[in-house]
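Okay, protein.txt is below, compact mmCIF, C-alpha atoms:
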# COMPACT_ATOMS: atom_id res chain seq x y z
CA MET A 1 95.52 111.57 75.92
CA VAL A 2 93.08 113.66 77.94
CA ALA A 3 91.34 112.29 81.04
CA LYS A 4 89.13 114.08 83.52
CA GLY A 5 87.76 113.24 86.95
CA SER A 6 87.91 113.75 90.69
CA LEU A 7 91.24 112.72 92.14
CA LYS A 8 91.64 109.73 94.42
CA LYS A 9 94.86 108.35 95.77
CA MET A 10 96.83 106.33 93.27
CA GLU A 11 96.39 102.57 93.46
CA VAL A 12 99.61 100.58 93.85
CA SER A 13 100.76 97.09 93.02
CA VAL A 14 104.07 95.31 93.51
CA TYR A 15 105.79 93.42 90.71
CA GLU A 16 108.90 91.23 90.51
CA GLY A 17 111.96 92.81 92.02
CA ASN A 18 109.76 94.82 94.41
CA GLN A 19 108.96 97.27 91.63
CA ILE A 20 105.98 99.54 92.34
CA ASN A 21 103.36 100.26 89.70
CA TYR A 22 100.94 103.18 90.03
CA SER A 23 97.46 103.62 88.57
CA LEU A 24 95.39 106.81 88.60
CA PHE A 25 91.64 106.49 87.98
CA LEU A 26 90.17 109.21 85.73
CA SER A 27 87.41 109.20 83.11
CA GLY A 28 86.25 105.84 84.44
CA LYS A 29 89.48 104.02 83.64
CA ALA A 30 92.83 103.25 85.17
CA ILE A 31 95.79 105.18 83.78
CA ASN A 32 99.13 103.41 84.19
CA MET A 33 101.24 106.28 85.49
CA ASN A 34 104.50 104.33 85.13
CA THR A 35 104.12 104.51 81.35
CA LEU A 36 104.16 108.32 81.56
CA LEU A 37 107.64 108.50 83.07
CA GLY A 38 109.85 110.85 81.06
CA LYS A 39 106.85 112.37 79.30
CA TYR A 40 105.29 115.82 79.54
CA ILE A 41 102.12 115.92 81.59
CA GLU A 42 99.71 118.68 82.54
CA LEU A 43 97.29 118.63 85.46
CA LYS A 44 94.63 121.34 85.24
CA TYR A 45 92.42 122.02 88.24
CA SER A 46 88.83 123.01 87.41
CA GLY A 47 88.18 124.88 90.63
CA THR A 48 85.66 122.28 91.82
CA ILE A 49 86.01 120.01 94.85
CA ASN A 50 83.46 117.29 95.50
CA CYS A 51 83.16 115.55 98.85
CA ILE A 52 84.13 111.90 98.41
CA SER A 53 81.40 110.84 100.83
CA CYS A 54 78.25 112.79 99.93
CA GLY A 55 79.34 114.21 96.58
CA THR A 56 78.41 117.79 97.38
CA LYS A 57 80.60 120.67 96.20
CA THR A 58 82.78 122.13 98.92
CA LYS A 59 84.98 125.20 98.92
CA LYS A 60 87.55 123.44 101.04
CA SER A 61 88.60 119.83 101.42
CA TYR A 62 88.83 118.45 104.95
CA ALA A 63 90.65 115.28 106.05
CA GLN A 64 91.72 114.56 102.46
CA GLY A 65 88.48 114.72 100.54
CA TYR A 66 85.49 115.49 102.78
CA CYS A 67 83.18 118.45 103.19
CA TYR A 68 83.03 119.92 106.67
CA SER A 69 79.81 118.10 107.59
CA CYS A 70 81.09 114.68 106.54
CA MET A 71 84.45 115.31 108.19
CA GLN A 72 82.51 115.68 111.43
CA THR A 73 80.35 112.57 110.99
CA VAL A 74 81.72 109.84 108.71
CA PRO A 75 83.80 107.06 110.30
CA GLU A 76 86.50 107.36 107.64
CA ALA A 77 87.36 110.82 109.02
CA ASP A 78 87.23 109.96 112.71
CA ASP A 79 90.12 111.08 114.91
CA CYS A 80 91.49 107.56 115.23
CA VAL A 81 92.25 107.38 111.50
CA LEU A 82 95.22 109.68 112.06
CA ARG A 83 95.68 108.97 115.77
CA PRO A 84 95.09 105.26 116.49
CA LEU A 85 95.55 105.85 120.21
CA LEU A 86 92.21 107.68 120.23
CA CYS A 87 90.27 104.70 118.88
CA ARG A 88 87.41 103.68 121.21
CA ALA A 89 85.80 100.99 119.10
CA HIS A 90 86.95 98.34 121.59
CA LEU A 91 84.76 100.15 124.13
CA GLY A 92 81.78 100.04 121.81
CA ILE A 93 82.15 103.73 120.90
CA SER A 94 82.43 104.69 117.23
CA ARG A 95 80.72 106.73 114.53
CA ASP A 96 79.64 103.53 112.80
CA PRO A 97 79.82 100.15 114.62
CA GLU A 98 79.82 98.12 111.40
CA TRP A 99 82.63 100.18 109.92
CA ALA A 100 84.55 99.83 113.18
CA LYS A 101 84.24 96.04 113.02
CA SER A 102 85.93 95.93 109.61
CA HIS A 103 88.51 98.67 110.22
CA CYS A 104 89.26 99.16 113.93
CA LEU A 105 88.42 95.80 115.47
CA GLN A 106 90.75 93.98 113.11
CA PRO A 107 94.36 92.80 113.50
CA HIS A 108 96.79 95.71 113.27
CA TYR A 109 100.56 95.90 112.96
CA VAL A 110 102.94 98.37 114.50
CA TYR A 111 105.90 98.69 112.15
CA LEU A 112 109.17 100.46 111.55
CA ALA A 113 109.82 101.94 108.11
CA ASN A 114 112.68 103.75 106.42
CA THR A 115 111.15 106.77 104.68
CA GLY A 116 114.33 108.81 104.94
CA ASP A 117 114.70 108.25 108.65
CA VAL A 118 113.23 105.46 110.75
CA LYS A 119 109.58 106.02 111.64
CA VAL A 120 107.09 104.02 113.66
CA GLY A 121 103.57 103.55 112.35
CA VAL A 122 100.33 101.59 112.54
CA THR A 123 98.37 99.84 109.81
CA ARG A 124 95.65 97.24 109.45
CA GLU A 125 96.95 93.83 108.46
CA SER A 126 94.95 94.06 105.23
CA GLN A 127 96.79 97.29 104.27
CA ILE A 128 100.23 95.67 104.11
CA PRO A 129 102.23 96.60 102.04
CA THR A 130 100.02 99.39 100.60
CA ARG A 131 100.44 101.60 103.67
CA TRP A 132 104.22 101.46 103.45
CA ILE A 133 104.23 102.24 99.75
CA ASP A 134 101.87 105.19 100.21
CA GLN A 135 104.40 106.59 102.69
CA GLY A 136 107.27 106.11 100.25
CA ALA A 137 109.13 103.64 102.45
CA THR A 138 112.16 102.02 100.86
CA SER A 139 111.98 99.28 103.48
CA ALA A 140 109.81 98.23 106.41
CA ILE A 141 109.60 95.60 109.11
CA LYS A 142 106.75 94.39 111.32
CA LEU A 143 107.16 94.97 115.04
CA CYS A 144 103.97 94.05 116.91
CA LYS A 145 100.64 92.47 116.02
CA THR A 146 97.60 93.57 118.00
CA PRO A 147 93.91 92.56 117.99
CA ASN A 148 92.65 96.11 117.48
CA ARG A 149 93.64 99.64 116.50
CA HIS A 150 93.69 101.10 120.00
CA ILE A 151 96.38 98.74 121.34
CA ALA A 152 98.48 99.38 118.23
CA GLY A 153 98.08 103.09 118.93
CA LEU A 154 99.26 102.59 122.51
CA ILE A 155 102.43 100.92 121.28
CA GLU A 156 103.02 103.58 118.62
CA SER A 157 102.53 106.34 121.18
CA PHE A 158 104.91 104.66 123.63
CA LEU A 159 107.61 104.31 120.97
CA SER A 160 107.21 107.83 119.60
CA GLY A 161 109.61 108.99 122.30
CA GLY A 162 112.39 107.02 120.63
CA PHE A 163 111.21 106.99 117.01
CA SER A 164 109.54 109.61 114.84
CA ASP A 165 105.94 108.92 113.88
CA LYS A 166 106.07 111.35 110.94
CA THR A 167 107.33 110.88 107.39
CA GLN A 168 110.05 113.37 106.47
CA TRP A 169 108.55 114.15 103.07
CA LYS A 170 111.48 116.19 101.73
CA LYS A 171 113.94 113.38 102.37
CA MET A 172 111.48 110.86 100.98
CA VAL A 173 110.76 112.61 97.67
CA SER A 174 114.38 113.68 97.14
CA GLY A 175 115.63 110.12 97.53
CA LYS A 176 117.85 111.10 100.46
CA VAL A 177 117.34 107.86 102.32
CA ASP A 178 119.90 106.57 104.79
CA LEU A 179 120.49 103.10 103.37
CA SER A 180 122.83 102.26 106.26
CA ILE A 181 119.82 101.99 108.59
CA ASP A 182 119.53 98.43 109.88
CA LEU A 183 115.84 97.75 110.50
CA LEU A 184 116.59 94.51 112.34
CA GLU A 185 118.78 96.43 114.75
CA GLN A 186 116.13 99.14 115.10
CA ARG A 187 113.52 96.48 115.73
CA GLU A 188 115.53 95.02 118.60
CA LYS A 189 115.92 98.51 120.05
CA ALA A 190 112.16 99.11 119.87
CA VAL A 191 111.27 95.80 121.53
CA LEU A 192 113.59 96.56 124.44
CA LEU A 193 111.79 99.87 124.97
CA LEU A 194 108.40 98.23 125.41
CA PRO A 195 107.05 97.40 128.88
CA GLY A 196 105.94 93.82 129.49
CA GLU A 197 102.22 94.43 128.91
CA LEU A 198 103.00 95.79 125.43
CA ALA A 199 106.05 93.64 124.62
CA ARG A 200 103.81 90.56 124.59
CA TYR A 201 102.44 91.74 121.24
CA ASN A 202 105.88 91.34 119.64
CA CYS A 203 105.20 89.41 116.42
CA ASN A 204 108.78 88.01 116.27
CA GLU A 205 109.02 88.51 112.50
CA ASN A 206 112.35 89.54 111.02
CA LYS A 207 111.44 89.81 107.34
CA ILE A 208 112.44 93.12 105.79
CA TYR A 209 110.16 94.33 103.00
CA GLU A 210 111.88 96.43 100.32
CA PHE A 211 110.45 98.59 97.54
CA GLN A 212 111.72 100.09 94.31
CA TYR A 213 109.93 103.19 93.03
CA PRO A 214 109.57 104.34 89.40
CA VAL A 215 111.92 107.33 89.48
CA ILE A 216 114.14 108.61 86.67
CA GLU A 217 115.48 111.58 88.60
CA TYR A 218 114.86 112.87 92.11
CA PRO A 219 114.38 116.61 92.77
CA GLN A 220 117.36 118.10 94.58
CA SER A 221 115.41 120.89 96.30
CA PRO A 222 111.81 119.68 96.23
CA LYS A 223 108.95 122.09 96.68
CA THR A 224 105.35 121.00 97.08
CA VAL A 225 102.69 122.65 94.98
CA SER A 226 98.97 122.71 95.71
CA PHE A 227 95.91 123.22 93.55
CA ASP A 228 94.75 125.64 96.22
CA SER A 229 97.30 128.09 94.84
CA GLU A 230 98.15 126.69 91.37
CA ASN A 231 95.50 125.87 88.77
CA ILE A 232 97.97 124.15 86.45
CA VAL A 233 100.86 121.86 87.31
CA LYS A 234 102.92 120.76 84.32
CA GLY A 235 106.27 119.44 83.24
CA LYS A 236 108.16 116.21 82.62
CA LEU A 237 107.20 113.39 84.97
CA ASN A 238 110.50 112.31 86.50
CA GLY A 239 109.15 109.90 89.08
CA ILE A 240 106.49 108.69 91.49
CA LYS A 241 107.09 107.94 95.14
CA GLY A 242 104.61 107.56 97.95
CA GLN A 243 101.60 109.47 96.66
CA TYR A 244 103.75 112.18 95.08
CA LEU A 245 104.26 112.91 91.41
CA LEU A 246 107.80 114.21 90.92
CA ILE A 247 107.92 116.71 88.06
CA ASP A 248 110.93 118.57 86.69
CA ASN A 249 111.89 121.96 88.12
CA ASN A 250 111.82 120.39 91.61
CA ILE A 251 108.02 120.14 91.70
CA ALA A 252 106.34 117.56 93.93
CA ILE A 253 102.56 117.25 94.14
CA ASN A 254 100.76 115.03 96.63
CA ILE A 255 97.88 113.36 94.81
CA ARG A 256 96.24 111.99 97.95
CA LYS A 257 96.13 115.45 99.53
CA HIS A 258 93.94 116.58 96.62
CA THR A 259 91.35 113.83 96.88
CA GLY A 260 88.04 115.12 95.51
CA TYR A 261 89.59 117.84 93.34
CA LEU A 262 88.20 117.78 89.80
CA ILE A 263 91.16 117.86 87.37
CA GLU A 264 92.01 117.23 83.76
CA LEU A 265 95.14 115.27 82.88
CA THR A 266 96.77 115.83 79.51
CA CYS A 267 99.75 113.78 78.39
As C-alpha cells:
Amino acid sequence: MVAKGSLKKMEVSVYEGNQINYSLFLSGKAINMNTLLGKYIELKYSGTINCISCGTKTKKSYAQGYCYSCMQTVPEADDCVLRPLLCRAHLGISRDPEWAKSHCLQPHYVYLANTGDVKVGVTRESQIPTRWIDQGATSAIKLCKTPNRHIAGLIESFLSGGFSDKTQWKKMVSGKVDLSIDLLEQREKAVLLLPGELARYNCNENKIYEFQYPVIEYPQSPKTVSFDSENIVKGKLNGIKGQYLLIDNNIAINIRKHTGYLIELTC
C-alpha cells in the first residue's frame, strides 16, 4: 500500500479493555495504523510543508503546522494553547471571539496523569480522553472542573510547584512507567495544596481512567528522529503510543510534531 498526503495528528478511539486504536489520514482515507503493527513501513518526506491554516508552502513549521504569519494571527496558535494561564478570553480579549467561545470559554478540567511520572495538565471537557491518549498516559484522573481555560491555567500553574507539567517523553515511549503511582493518593495531595479560592473547583471525582496502547516492543534507548534532518524513516512498526510511532532500532517519530509535512507512506 502507498498513501500520500500532509500529516495531521493521528485520530484515536478507545475500544473494550481500554485498548487504543490509531488512524492516520492520507490520500483522503483513514489508515488503521494498528493493523500495521509488526510490519515494515517507510515514511518518505517530500521536502514540502504546507501551512494547515492557509495552505501556503513554508520552509519551517511553527506551532505544529503553521506558517510564520498564521502562527502570529490564528487563534489555534495563540499563546494560551500551550499556556492556559495566559488565556484572556474571559476578559473579552482573543484573536477570534467566536473561536474563544467554543474553545476557551468552555468547561475545562485540570487533571493528573501518569505518563512515566505524575504530571498536571489542562484540557477542555470535550477533549477527554483524547488529550490523555495523545500524551501517552497509562492512567489519568480528574482534579478540578473550571468554567474557562484561564482558571484551569491558574490551578495548573499553582500545582506546577509540586507536580511536573511536562511529559517525560523518553519514559513514556520506552514504557518505563511507574505503575506503583497511586493517582487517588496524588489527587488528595494536590487538593491539599490548593488555596480556598481554587480548591472550590475540586470536582470530587475519583474515577481512574486507564489505557492500553498497541505496542509489541518498546525501545530500550529511544531516539527521536525528525524529517527536518531525515528524509526517510523506515523499519518494523513495533508500537504506537501518544502521537509517536515506535520503529525498530530504537526509533521514535512524533507524528503531531510534523503536522503539515507532505509524506508518502509505504507498507
Near-Cys67 (chain A) list (12 Å; only C-alpha atoms; drop same-chain fewer than 3 positions) as a PyMOL selection string: chain A and resi 49-64+70-74+77+259-261
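For the atom pair formed by CA of Phe163 (chain A) and CA of Gln19 (chain A), the distance is 27.3 Å, given to one decimal.
In terms of minimum interatomic distance to Pro195 (chain A), A:Ile155 ranks closest within A:Ala3, A:Leu183, A:Ile155, A:Leu85, counting all atoms listed in the file.
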Do you have, as a tab-separated table, the list of residues of region 16-62 of chain A lying at most 10 Å from region 230-254 of chain A, each with its nearest atom pair and that distance in Å to one decimal, counting only C-alpha atoms and ordered by chain then number?
residue	atom	partner	partner_atom	distance
A:Ile20	CA	A:Lys241	CA	8.9
A:Asn21	CA	A:Ile240	CA	9.2
A:Tyr22	CA	A:Ile240	CA	8.0
A:Met33	CA	A:Ile240	CA	8.3
A:Asn34	CA	A:Ile240	CA	8.0
A:Leu36	CA	A:Leu237	CA	6.8
A:Leu37	CA	A:Leu237	CA	5.3
A:Gly38	CA	A:Leu237	CA	5.4
A:Lys39	CA	A:Lys236	CA	5.2
A:Tyr40	CA	A:Lys236	CA	4.2
A:Ile41	CA	A:Lys234	CA	5.6
A:Glu42	CA	A:Lys234	CA	4.2
A:Leu43	CA	A:Val233	CA	5.2
A:Lys44	CA	A:Ile232	CA	4.5
A:Tyr45	CA	A:Asn231	CA	5.0
A:Ser46	CA	A:Asn231	CA	7.4
A:Gly47	CA	A:Asn231	CA	7.6
Min atom-atom distance to Ser226 (chain A) from the set A:Phe158, A:Tyr213, A:Pro84, A:Arg256, counting only C-alpha atoms, belongs to A:Arg256
Separation of CA of Asp117 (chain A) from CA of Thr130 (chain A) in Å: 18.9 Å
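In this structure, CA of Pro214 (chain A) sits 10.8 Å away from CA of Asn18 (chain A).
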Dig up all the protein and nucleic acid residues within 12 Å of (91.5, 103.7, 86.4) in the file frame, using only C-alpha atoms, and format them as a PyMOL selection string. chain A and resi 3-12+22-33
Please report as JSON lines every residue of region 167-191 of chain A lying within 9 Å of region 196-211 of chain A, along with the nearest atom pair and their distance in Å (one decimal), using all atoms listed in the file.
{"residue": "A:Leu183", "atom": "CA", "partner": "A:Ile208", "partner_atom": "CA", "distance": 7.4}
{"residue": "A:Leu184", "atom": "CA", "partner": "A:Asn206", "partner_atom": "CA", "distance": 6.7}
{"residue": "A:Arg187", "atom": "CA", "partner": "A:Asn206", "partner_atom": "CA", "distance": 8.5}
{"residue": "A:Val191", "atom": "CA", "partner": "A:Ala199", "partner_atom": "CA", "distance": 6.4}
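Taking all atoms listed in the file into account, Lys189 (chain A) lies nearest to A:Leu159 out of the set A:Val215, A:Leu159, A:Leu82, A:Ala113.
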Neighbour list for Gly153 (chain A) as a ChimeraX atom specification, cut-off 12 Å, only C-alpha atoms, skip fewer than 5 positions in-chain: /A:79-88,104,108-111,120-124,144-148,158-160,165,198
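Among the candidates A:Glu125, A:Asp178, A:Phe227, A:Leu154, the one nearest to Ser139 (chain A) when counting only C-alpha atoms is A:Asp178.
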